[in-house]
file protein08.tsv (TSV, C-alpha atoms)
chain	number	residue	atom	x	y	z
A	515	MET	CA	13.79	-8.43	9.65
A	516	PRO	CA	16.58	-5.82	10.00
A	517	ALA	CA	16.74	-5.68	6.19
A	518	ILE	CA	13.01	-4.96	6.04
A	519	ALA	CA	13.37	-2.20	8.61
A	520	SER	CA	16.29	-0.72	6.66
A	521	THR	CA	13.96	0.16	3.78
A	522	GLY	CA	12.20	2.63	6.08
A	523	VAL	CA	8.86	0.80	6.14
A	524	SER	CA	6.94	0.91	9.41
A	525	TYR	CA	4.75	-2.20	9.06
A	526	ILE	CA	4.91	-5.83	8.10
A	527	ARG	CA	1.93	-8.11	7.44
A	528	ASP	CA	1.64	-11.86	7.81
A	529	ASP	CA	-0.82	-14.63	8.65
A	530	LEU	CA	-1.62	-15.88	12.10
A	531	ASN	CA	-2.49	-19.54	11.95
A	532	ALA	CA	-5.65	-19.60	14.05
A	533	GLY	CA	-5.43	-23.34	14.61
A	534	SER	CA	-2.01	-22.95	16.20
A	535	TRP	CA	-3.20	-20.19	18.56
A	536	GLU	CA	-6.27	-22.20	19.53
A	537	PRO	CA	-5.20	-25.85	19.19
A	538	ASN	CA	-8.31	-27.01	21.06
A	539	LYS	CA	-11.60	-25.16	21.27
A	540	GLY	CA	-11.35	-22.43	23.89
A	541	VAL	CA	-7.71	-23.29	24.71
A	542	TYR	CA	-5.31	-20.55	23.66
A	543	VAL	CA	-1.51	-20.63	23.38
A	544	GLN	CA	1.22	-18.46	21.91
A	545	PRO	CA	2.75	-20.62	19.16
A	546	ALA	CA	6.54	-20.49	19.00
A	547	TRP	CA	6.72	-19.84	15.26
A	548	ASP	CA	4.40	-16.83	15.27
A	549	MET	CA	5.83	-15.45	18.51
A	550	GLY	CA	9.29	-15.65	16.93
A	551	TRP	CA	8.49	-13.32	14.06
A	552	LEU	CA	6.21	-11.10	16.13
A	553	ASN	CA	8.96	-10.50	18.69
A	554	THR	CA	11.57	-9.98	16.00
A	555	ALA	CA	9.35	-7.40	14.33
A	556	LYS	CA	8.92	-5.57	17.62
A	557	ALA	CA	12.66	-5.65	18.26
A	558	ASN	CA	13.20	-4.01	14.88
A	559	GLY	CA	10.62	-1.29	15.46
A	560	LEU	CA	8.13	-2.73	12.98
A	561	LYS	CA	4.40	-2.66	13.55
A	562	VAL	CA	2.37	-5.71	12.57
A	563	VAL	CA	-0.82	-6.31	10.65
A	564	ALA	CA	-1.88	-9.86	11.52
A	565	VAL	CA	-4.20	-11.65	9.14
A	566	LEU	CA	-6.73	-13.73	11.05
A	567	GLY	CA	-8.09	-16.65	9.07
A	568	PRO	CA	-9.99	-19.90	9.51
A	569	ASN	CA	-9.65	-22.35	12.37
A	570	TRP	CA	-10.09	-25.93	11.21
A	571	HIS	CA	-10.90	-27.08	14.75
A	572	TYR	CA	-14.38	-25.64	14.31
A	573	ALA	CA	-17.18	-27.03	12.17
A	574	ASP	CA	-17.65	-23.45	11.00
A	575	GLN	CA	-14.06	-22.49	10.34
A	576	TYR	CA	-15.02	-18.81	10.34
A	577	ASP	CA	-17.25	-18.97	13.41
A	578	PRO	CA	-17.68	-15.30	14.40
A	579	VAL	CA	-17.78	-16.06	18.12
A	580	ALA	CA	-14.68	-18.25	17.97
A	581	MET	CA	-12.73	-15.75	15.86
A	582	SER	CA	-13.78	-12.88	18.11
A	583	ASN	CA	-12.76	-14.75	21.24
A	584	LEU	CA	-9.40	-15.66	19.79
A	585	ALA	CA	-8.73	-12.11	18.60
A	586	ALA	CA	-9.67	-10.76	22.03
A	587	TRP	CA	-7.34	-13.23	23.72
A	588	ILE	CA	-4.44	-12.20	21.48
A	589	ALA	CA	-5.29	-8.52	21.90
A	590	LYS	CA	-5.50	-8.61	25.68
A	591	PRO	CA	-2.62	-6.62	27.19
A	592	ALA	CA	-0.11	-8.87	28.97
B	129	MET	CA	2.64	-6.96	19.56
B	130	ILE	CA	-0.07	-6.42	16.94
B	131	THR	CA	-1.24	-3.07	15.58
B	132	ALA	CA	-4.14	-4.33	13.50
B	133	PHE	CA	-6.03	-7.53	12.77
B	134	GLU	CA	-7.02	-8.01	9.14
B	135	ILE	CA	-10.09	-10.24	8.98
B	136	THR	CA	-9.28	-12.92	6.43
B	137	ASN	CA	-7.05	-12.56	3.41
B	138	GLU	CA	-8.83	-11.74	0.12
B	139	PRO	CA	-12.25	-12.90	1.35
B	140	ASN	CA	-13.61	-12.98	-2.20
B	141	ASN	CA	-11.57	-16.17	-2.66
B	142	ALA	CA	-11.44	-18.88	0.06
B	143	TYR	CA	-13.88	-17.20	2.43
B	144	ALA	CA	-16.48	-16.67	-0.29
B	145	SER	CA	-16.13	-20.28	-1.44
B	146	TYR	CA	-16.57	-21.51	2.11
B	147	GLU	CA	-19.51	-19.30	3.07
B	148	GLY	CA	-21.42	-19.36	-0.20
B	149	SER	CA	-23.60	-16.69	-1.76
B	150	ALA	CA	-24.24	-14.75	1.47
B	151	TRP	CA	-20.53	-14.28	2.13
B	152	CYS	CA	-20.59	-10.48	1.95
B	153	SER	CA	-23.24	-10.18	4.68
B	154	LYS	CA	-21.48	-12.79	6.80
B	155	LEU	CA	-18.14	-11.02	6.45
B	156	VAL	CA	-19.60	-7.73	7.63
B	157	LEU	CA	-21.03	-9.46	10.70
B	158	LEU	CA	-17.78	-11.34	11.35
B	159	THR	CA	-15.67	-8.21	11.06
B	160	ASN	CA	-17.98	-6.18	13.31
B	161	SER	CA	-17.99	-9.02	15.83
B	162	VAL	CA	-14.19	-9.18	15.99
B	163	LYS	CA	-14.02	-5.39	16.21
B	164	ALA	CA	-16.34	-5.33	19.25
B	165	ALA	CA	-14.43	-8.12	20.99
B	166	VAL	CA	-11.00	-6.58	20.41
B	167	TYR	CA	-12.17	-3.10	21.34
B	168	ALA	CA	-13.53	-4.40	24.63
B	169	VAL	CA	-10.12	-5.65	25.77
B	170	ASN	CA	-7.71	-3.35	23.92
B	171	PRO	CA	-9.04	-0.30	22.06
B	172	SER	CA	-5.59	0.53	20.73
B	173	ILE	CA	-5.62	-2.46	18.39
B	174	GLN	CA	-7.40	-1.85	15.11
B	175	VAL	CA	-9.57	-4.25	13.17
B	176	ILE	CA	-9.53	-3.83	9.40
B	177	GLY	CA	-11.00	-5.76	6.52
B	178	LEU	CA	-13.68	-6.28	3.88
B	179	GLY	CA	-10.66	-6.81	1.64
B	180	ALA	CA	-12.38	-8.13	-1.46
B	181	GLN	CA	-12.58	-6.26	-4.77
B	182	GLY	CA	-14.26	-3.14	-6.15
B	183	SER	CA	-18.03	-3.25	-5.96
B	184	GLN	CA	-17.92	-6.13	-3.46
B	185	ILE	CA	-16.25	-3.75	-1.03
B	186	THR	CA	-18.60	-0.85	-1.66
B	187	PHE	CA	-21.56	-3.26	-1.32
B	188	MET	CA	-20.29	-4.41	2.09
B	189	LEU	CA	-19.52	-0.87	3.25
B	190	ALA	CA	-23.14	0.04	2.54
B	191	LYS	CA	-24.27	-2.64	4.99
B	192	GLY	CA	-22.72	-0.74	7.89
B	193	THR	CA	-19.35	-1.40	9.44
B	194	THR	CA	-17.76	-0.62	12.78
B	195	MET	CA	-14.21	-1.58	11.74
B	196	ASP	CA	-11.23	0.79	11.68
B	197	GLY	CA	-10.00	0.58	8.10
B	198	VAL	CA	-10.94	-0.72	4.66
B	199	VAL	CA	-8.64	-3.25	3.00
B	200	TYR	CA	-8.07	-3.94	-0.70
B	201	HIS	CA	-5.30	-5.38	-2.86
B	202	PRO	CA	-4.95	-3.10	-5.87
B	203	TYR	CA	-2.78	-5.21	-8.15
B	204	GLY	CA	-2.47	-3.95	-11.70
B	205	ASN	CA	-5.15	-4.82	-14.23
B	206	GLY	CA	-4.62	-7.47	-16.91
B	207	ALA	CA	-1.07	-8.75	-16.87
B	208	GLY	CA	-0.49	-6.33	-14.01
B	209	PHE	CA	2.39	-4.34	-15.44
B	210	ILE	CA	0.83	-0.84	-15.55
B	211	PRO	CA	0.82	0.72	-12.08
B	212	GLU	CA	-1.83	3.32	-12.86
B	213	THR	CA	-4.32	0.50	-13.48
B	214	THR	CA	-5.95	-1.87	-11.01
B	215	TYR	CA	-8.43	-4.71	-10.91
B	216	GLU	CA	-11.19	-3.53	-8.60
B	217	TRP	CA	-14.10	-4.53	-10.79
B	218	PRO	CA	-15.78	-2.54	-12.27
B	219	TYR	CA	-13.01	-0.01	-11.62
B	220	PHE	CA	-9.80	-0.44	-13.57
B	221	ASP	CA	-8.11	2.93	-13.20
B	222	TYR	CA	-6.25	3.07	-9.90
B	223	GLY	CA	-6.87	6.77	-9.26
B	224	GLY	CA	-10.52	6.37	-10.21
B	225	TRP	CA	-10.91	3.49	-7.77
B	226	ILE	CA	-9.42	5.54	-4.93
B	227	GLN	CA	-11.84	8.34	-5.75
B	228	VAL	CA	-14.81	5.94	-5.67
B	229	LEU	CA	-13.70	4.40	-2.40
B	230	ALA	CA	-13.18	7.82	-0.81
B	231	SER	CA	-16.71	8.74	-1.83
B	232	LYS	CA	-18.09	5.69	-0.02
B	233	THR	CA	-16.16	5.81	3.25
B	234	SER	CA	-13.92	8.06	5.28
B	235	LEU	CA	-12.23	5.03	6.85
B	236	PRO	CA	-8.46	4.88	6.39
B	237	LYS	CA	-7.43	2.89	3.33
B	238	TRP	CA	-5.21	-0.14	3.88
B	239	GLU	CA	-3.65	-1.50	0.72
B	240	THR	CA	-2.30	-4.61	2.37
B	241	GLU	CA	-0.97	-6.19	-0.83
B	242	TRP	CA	0.07	-4.86	-4.20
B	243	GLY	CA	3.10	-5.26	-6.41
B	244	THR	CA	4.38	-6.98	-9.49
B	245	GLY	CA	6.83	-9.76	-10.14
B	246	THR	CA	9.97	-9.87	-12.17
B	247	THR	CA	10.02	-12.28	-15.10
B	248	SER	CA	12.41	-13.14	-17.90
B	249	THR	CA	10.99	-10.14	-19.79
B	250	PHE	CA	9.95	-7.81	-16.93
B	251	THR	CA	13.27	-6.82	-15.44
B	252	ASN	CA	14.29	-5.66	-12.00
B	253	THR	CA	14.38	-2.12	-13.38
B	254	ASN	CA	10.86	-2.49	-14.81
B	255	GLN	CA	9.61	-3.75	-11.45
B	256	ALA	CA	11.31	-0.88	-9.63
B	257	GLU	CA	9.65	1.62	-11.95
B	258	PHE	CA	6.24	0.01	-11.41
B	259	ILE	CA	6.68	0.23	-7.65
B	260	ALA	CA	8.01	3.80	-7.77
B	261	ARG	CA	5.06	5.05	-9.83
B	262	ARG	CA	2.47	3.27	-7.70
B	263	LEU	CA	4.07	4.33	-4.40
B	264	LEU	CA	4.12	7.95	-5.51
B	265	GLN	CA	0.55	7.80	-6.80
B	266	GLU	CA	-0.98	6.16	-3.74
B	267	SER	CA	0.82	8.53	-1.42
B	268	GLY	CA	-0.10	11.42	-3.70
B	269	LEU	CA	-3.76	10.48	-3.37
B	270	GLY	CA	-3.53	10.36	0.41
B	271	VAL	CA	-3.79	6.59	0.88
B	272	GLU	CA	-2.88	6.01	4.50
B	273	HIS	CA	-1.34	2.51	4.49
B	274	SER	CA	0.43	0.65	1.72
B	275	PHE	CA	2.08	-2.77	1.80
B	276	ILE	CA	4.22	-3.91	-1.10
B	277	TYR	CA	3.87	-7.61	-1.84
B	278	GLU	CA	6.44	-8.72	-0.99
B	279	PHE	CA	9.81	-8.25	0.66
B	280	GLU	CA	11.60	-11.32	-0.67
B	281	ASP	CA	10.98	-13.65	-3.59
B	282	ASN	CA	9.03	-16.71	-2.52
B	283	GLY	CA	9.78	-19.82	-4.55
B	284	PRO	CA	8.64	-19.25	-8.13
B	285	GLU	CA	6.81	-16.06	-7.06
B	286	LEU	CA	9.24	-13.26	-7.89
B	287	TYR	CA	7.34	-10.29	-6.43
B	288	GLY	CA	10.06	-9.56	-3.88
B	289	VAL	CA	12.02	-6.33	-3.70
B	290	CYS	CA	14.80	-8.74	-2.75
B	291	SER	CA	15.73	-12.01	-4.37
B	292	SER	CA	16.23	-15.01	-2.09
B	293	ASN	CA	18.96	-17.46	-1.14
B	294	PRO	CA	20.75	-15.34	-0.22
B	295	THR	CA	18.57	-12.28	0.43
B	296	THR	CA	19.81	-9.78	-2.15
B	297	PRO	CA	18.26	-6.39	-2.84
B	298	LYS	CA	16.80	-5.85	-6.29
B	299	THR	CA	16.65	-2.38	-7.83
B	300	ALA	CA	13.21	-1.89	-6.25
B	301	PHE	CA	14.65	-2.17	-2.75
B	302	TYR	CA	16.74	0.96	-3.23
B	303	VAL	CA	13.94	2.80	-5.01
B	304	VAL	CA	11.53	2.06	-2.15
B	305	GLN	CA	14.13	3.18	0.37
B	306	ARG	CA	14.68	6.40	-1.58
B	307	ILE	CA	10.98	7.24	-1.92
B	308	ILE	CA	10.15	6.51	1.71
B	309	SER	CA	13.04	8.69	2.81
B	310	THR	CA	12.06	11.50	0.42
B	311	LEU	CA	8.40	11.47	1.51
B	312	ALA	CA	9.20	11.31	5.23
B	313	GLY	CA	7.00	13.78	7.07
B	314	VAL	CA	4.80	14.65	4.11
B	315	ARG	CA	1.88	13.09	2.28
B	316	GLY	CA	-0.33	13.88	-0.65
B	317	GLY	CA	-3.98	14.68	-0.98
B	318	THR	CA	-3.95	18.23	0.31
B	319	SER	CA	-2.35	20.34	-2.42
B	320	LEU	CA	-2.60	20.28	-6.20
B	321	VAL	CA	-0.06	20.51	-8.98
B	322	SER	CA	-1.09	22.34	-12.15
B	323	VAL	CA	0.29	20.93	-15.38
B	324	ASN	CA	0.55	24.08	-17.48
B	325	ALA	CA	2.11	22.55	-20.57
B	326	VAL	CA	3.71	19.41	-21.99
B	327	ALA	CA	5.94	20.01	-24.99
B	328	ASN	CA	4.80	16.95	-26.96
B	329	GLY	CA	1.15	17.41	-25.98
B	330	ASP	CA	0.86	14.15	-23.99
B	331	VAL	CA	-1.08	15.81	-21.17
B	332	THR	CA	-3.42	12.87	-20.59
B	333	ASP	CA	-0.58	10.62	-19.43
B	334	VAL	CA	0.86	13.09	-16.91
B	335	LYS	CA	0.65	12.12	-13.26
B	336	ALA	CA	1.66	14.91	-10.89
B	337	PHE	CA	1.23	15.06	-7.13
B	338	ALA	CA	2.28	17.36	-4.29
B	339	TYR	CA	3.14	16.12	-0.81
B	340	GLN	CA	3.15	18.33	2.27
B	341	GLY	CA	2.86	18.05	6.02
B	342	SER	CA	3.41	19.90	9.25
B	343	ILE	CA	7.12	20.33	8.54
B	344	ASN	CA	8.62	22.86	6.14
B	345	LYS	CA	8.86	20.49	3.22
B	346	THR	CA	7.12	20.24	-0.13
B	347	VAL	CA	7.69	17.37	-2.52
B	348	VAL	CA	6.31	17.19	-6.05
B	349	ALA	CA	6.45	14.03	-8.16
B	350	PHE	CA	5.59	13.77	-11.84
B	351	TRP	CA	5.84	11.23	-14.65
B	352	PHE	CA	4.10	9.82	-17.71
B	353	GLY	CA	1.79	7.04	-16.54
B	354	ASN	CA	-0.63	4.61	-18.18
B	355	HIS	CA	2.06	2.61	-19.99
B	356	ASP	CA	3.95	-0.61	-19.34
B	357	PRO	CA	7.50	0.38	-18.30
B	358	ARG	CA	8.78	-1.72	-21.22
B	359	THR	CA	6.86	0.35	-23.77
B	360	PRO	CA	7.06	3.91	-22.46
B	361	PRO	CA	5.67	6.96	-24.23
B	362	ALA	CA	8.12	9.43	-25.73
B	363	ALA	CA	9.90	11.62	-23.18
B	364	SER	CA	9.25	15.33	-23.25
B	365	THR	CA	9.43	18.47	-21.11
B	366	CYS	CA	6.71	20.11	-19.05
B	367	GLN	CA	5.80	23.16	-17.00
B	368	LEU	CA	4.35	22.73	-13.52
B	369	THR	CA	2.93	25.15	-10.95
B	370	PHE	CA	2.50	24.33	-7.28
B	371	ILE	CA	2.26	25.98	-3.88
B	372	VAL	CA	5.22	26.05	-1.47
B	373	PRO	CA	3.89	27.62	1.74
B	374	HIS	CA	7.16	27.69	3.67
B	375	PRO	CA	10.78	28.81	3.38
B	376	TYR	CA	13.30	26.49	1.71
B	377	THR	CA	16.89	26.38	0.56
B	378	GLN	CA	18.67	24.58	-2.27
B	379	PRO	CA	15.67	22.91	-3.90
B	380	TYR	CA	16.53	20.04	-6.20
B	381	VAL	CA	15.06	17.64	-8.72
B	382	MET	CA	15.76	13.93	-8.27
B	383	ASN	CA	15.28	10.95	-10.53
B	384	ALA	CA	13.32	8.48	-8.37
B	385	MET	CA	14.92	5.52	-10.10
B	386	THR	CA	18.56	6.54	-9.91
B	387	GLY	CA	18.66	9.10	-7.12
B	388	ALA	CA	20.57	11.50	-9.40
B	389	GLN	CA	19.93	15.10	-8.33
B	390	VAL	CA	20.20	18.44	-10.09
B	391	PRO	CA	19.49	21.88	-8.61
B	392	LEU	CA	16.02	23.21	-9.39
B	393	SER	CA	17.80	26.32	-10.65
B	394	SER	CA	18.93	24.21	-13.63
B	395	TYR	CA	15.44	24.79	-15.01
B	396	SER	CA	13.40	27.90	-15.71
B	397	TRP	CA	12.01	28.50	-12.23
B	398	SER	CA	10.02	31.43	-10.94
B	399	GLN	CA	8.31	32.25	-7.67
B	400	SER	CA	5.24	34.46	-7.21
B	401	GLY	CA	4.20	34.70	-3.59
B	402	ASN	CA	4.04	31.10	-2.44
B	403	GLN	CA	3.45	29.81	-5.96
B	404	SER	CA	6.35	28.16	-7.79
B	405	THR	CA	6.41	27.59	-11.53
B	406	VAL	CA	9.06	25.44	-13.16
B	407	ALA	CA	9.39	25.13	-16.94
B	408	GLY	CA	11.54	22.88	-19.10
B	409	LEU	CA	11.33	19.97	-16.66
B	410	PRO	CA	12.18	16.64	-18.27
B	411	ILE	CA	9.26	14.19	-18.04
B	412	SER	CA	9.24	10.50	-18.93
B	413	ASP	CA	7.82	7.25	-17.58
B	414	GLN	CA	10.44	7.37	-14.84
B	415	PRO	CA	9.23	9.58	-11.96
B	416	MET	CA	11.05	12.80	-11.17
B	417	ILE	CA	10.78	14.34	-7.71
B	418	ILE	CA	11.16	18.01	-6.77
B	419	VAL	CA	12.18	18.53	-3.15
B	420	MET	CA	11.83	21.97	-1.51
B	421	GLN	CA	12.81	22.01	2.14
call {"tool": "encode", "arguments": {"input": "protein08.tsv", "output": "structure tokens"}}
result
Amino acid sequence: MPAIASTGVSYIRDDLNAGSWEPNKGVYVQPAWDMGWLNTAKANGLKVVAVLGPNWHYADQYDPVAMSNLAAWIAKPA
Amino acid sequence: MITAFEITNEPNNAYASYEGSAWCSKLVLLTNSVKAAVYAVNPSIQVIGLGAQGSQITFMLAKGTTMDGVVYHPYGNGAGFIPETTYEWPYFDYGGWIQVLASKTSLPKWETEWGTGTTSTFTNTNQAEFIARRLLQESGLGVEHSFIYEFEDNGPELYGVCSSNPTTPKTAFYVVQRIISTLAGVRGGTSLVSVNAVANGDVTDVKAFAYQGSINKTVVAFWFGNHDPRTPPAASTCQLTFIVPHPYTQPYVMNAMTGAQVPLSSYSWSQSGNQSTVAGLPISDQPMIIVMQ
């Protein structure tokens, strides 16, 4: 991550694995892997674009309500 | 922790396959739904998307969107080695695509992937030149956000500006660093560069952009585009005119690829009011950058 920051870029972009953030329907957690790179990015002054994709725990993997709820949970200020 | 959510990667692929023929309508609804939910709890986080291709994007924009930015991945057309091209069907000229998109929406543009890989025949230097030309063009056109795919080579995918195991900068790493540093505080899209003459007559291939901002700095980049870096057009010289609306000292011309600098006074340079004209400038497929600060 420090090497990325040394180029002068201000953002990185990577996937959030929705199924790891919501391992059971309506149950949200901060997965260690994603939190690791998110915190490292922050420590290096890099902003993050997070790609939100399907959650295989749902019959409709792109359920708009489920994806909206998850995004809101992640977005909620600590 | 997160500045923006991008709603699905390249939805014209897996998302479209999953959702079927109505995927565009569904994606608009999904994106607007996530936008509303995120905005309700944290308005500072942006929601961006509709990141398909060309007319798919303009079709979805026409359906009405509440999101904060439009996403696309403007990789080069065909084999992907000419940075002034793109594959945004039916738009294949990168600059033309940006013009079309700007005519359809005033949302900020988020190019969240673009780049090209090195191969046994497309060298690190070729890749660096591709990235330099595209970076300078997108910034010159006022594109707000640009993400090079990717930072480090990933298995057999050699798109990185660094190779892997161990992480080692390729030529592109230094070129990106140089361009970001040179364009700090300025951006394109507000001032024009006039191409008065090209000695060998190759005017159609000239790309020239001015970059300005709220600081006393003007940057001008120019090169011959529209060709694979491995088969460049003949180099020549050109005359450019541009506006410099601020004081400056010791202006210079820099080769974007090497960083080599020469004083602007090395060329035939005149100033009339705030208008600068420089003649005898070398122009080739490798971008040159004038810095007046």
call {"tool": "interface_residues", "arguments": {"input": "protein08.tsv", "of": "chain B", "to": "chain A", "cutoff": "6 Å", "atoms": "all atoms listed in the file", "output": "NGL selection string"}}
result
:B and (130-136 or 158 or 162 or 165-166 or 169-170 or 305)
call {"tool": "residues_around", "arguments": {"input": "protein08.tsv", "residues": "range 318-335 of chain B", "least_positions_apart": "4", "cutoff": "10 Å", "atoms": "only C-alpha atoms", "output": "PyMOL selection string"}}
result
chain B and resi 212+261+264-265+268-270+339-341+346+348-355+361-372+405-413+415
call {"tool": "atom_distance", "arguments": {"input": "protein08.tsv", "atom1": "CA of Tyr200 in chain B", "atom2": "CA of Thr253 in chain B"}}
result
25.8 Å
call {"tool": "atom_distance", "arguments": {"input": "protein08.tsv", "atom1": "CA of Gln414 in chain B", "atom2": "CA of Pro357 in chain B"}}
result
8.3 Å
call {"tool": "axis_aligned_box", "arguments": {"input": "protein08.tsv", "around": "range 278-293 of chain B", "padding_each_side": "6 Å", "output": "JSON"}}
result
{"center_x": 12.7, "center_y": -13.1, "center_z": -3.7, "size_x": 24.5, "size_y": 25.5, "size_z": 20.8}
call {"tool": "atom_distance", "arguments": {"input": "protein08.tsv", "atom1": "CA of Gln181 in chain B", "atom2": "CA of Trp217 in chain B"}}
result
6.4 Å
call {"tool": "residues_near_point", "arguments": {"input": "protein08.tsv", "point": "(-2.0, -18.4, 21.1)", "cutoff": "9 Å", "atoms": "only C-alpha atoms", "output": "VMD selection string"}}
result
chain A and resid 532 to 537 541 to 545 548 to 549 584 587 to 588
call {"tool": "build_atoms", "arguments": {"input": "protein08.tsv", "residues": "range 385-405 of chain B", "atoms": "N, CA and C atoms", "output": "compact mmCIF listing (two decimals), in the coordinates of the input"}}
result
# COMPACT_ATOMS: atom_id res chain seq x y z
N MET B 385 14.33 6.83 -9.81
CA MET B 385 14.92 5.52 -10.10
C MET B 385 16.41 5.48 -9.77
N THR B 386 17.11 6.56 -10.07
CA THR B 386 18.56 6.54 -9.91
C THR B 386 19.04 7.32 -8.69
N GLY B 387 18.24 8.24 -8.22
CA GLY B 387 18.66 9.10 -7.12
C GLY B 387 19.49 10.29 -7.58
N ALA B 388 19.77 10.38 -8.89
CA ALA B 388 20.57 11.50 -9.40
C ALA B 388 19.82 12.82 -9.16
N GLN B 389 20.54 13.81 -8.67
CA GLN B 389 19.93 15.10 -8.33
C GLN B 389 20.55 16.23 -9.14
N VAL B 390 19.70 17.20 -9.50
CA VAL B 390 20.20 18.44 -10.09
C VAL B 390 19.50 19.59 -9.38
N PRO B 391 20.16 20.74 -9.25
CA PRO B 391 19.49 21.88 -8.61
C PRO B 391 18.26 22.31 -9.41
N LEU B 392 17.22 22.73 -8.70
CA LEU B 392 16.02 23.21 -9.39
C LEU B 392 16.36 24.41 -10.28
N SER B 393 17.39 25.14 -9.88
CA SER B 393 17.80 26.32 -10.65
C SER B 393 18.33 25.95 -12.03
N SER B 394 18.52 24.65 -12.28
CA SER B 394 18.93 24.21 -13.63
C SER B 394 17.81 24.45 -14.63
N TYR B 395 16.60 24.61 -14.13
CA TYR B 395 15.44 24.79 -15.01
C TYR B 395 14.93 26.22 -14.88
N SER B 396 13.98 26.56 -15.74
CA SER B 396 13.40 27.90 -15.71
C SER B 396 12.39 27.94 -14.56
N TRP B 397 12.77 28.60 -13.48
CA TRP B 397 12.01 28.50 -12.23
C TRP B 397 11.67 29.90 -11.75
N SER B 398 10.40 30.12 -11.44
CA SER B 398 10.02 31.43 -10.94
C SER B 398 9.12 31.27 -9.72
N GLN B 399 9.10 32.30 -8.90
CA GLN B 399 8.31 32.25 -7.67
C GLN B 399 7.45 33.50 -7.64
N SER B 400 6.14 33.33 -7.36
CA SER B 400 5.24 34.46 -7.21
C SER B 400 4.45 34.22 -5.93
N GLY B 401 4.79 34.99 -4.89
CA GLY B 401 4.20 34.70 -3.59
C GLY B 401 4.63 33.30 -3.16
N ASN B 402 3.67 32.47 -2.81
CA ASN B 402 4.04 31.10 -2.44
C ASN B 402 3.84 30.12 -3.60
N GLN B 403 3.68 30.67 -4.79
CA GLN B 403 3.45 29.81 -5.96
C GLN B 403 4.73 29.66 -6.78
N SER B 404 5.16 28.43 -6.98
CA SER B 404 6.35 28.16 -7.79
C SER B 404 5.95 27.63 -9.15
N THR B 405 6.61 28.12 -10.18
CA THR B 405 6.41 27.59 -11.53
C THR B 405 7.76 27.18 -12.09
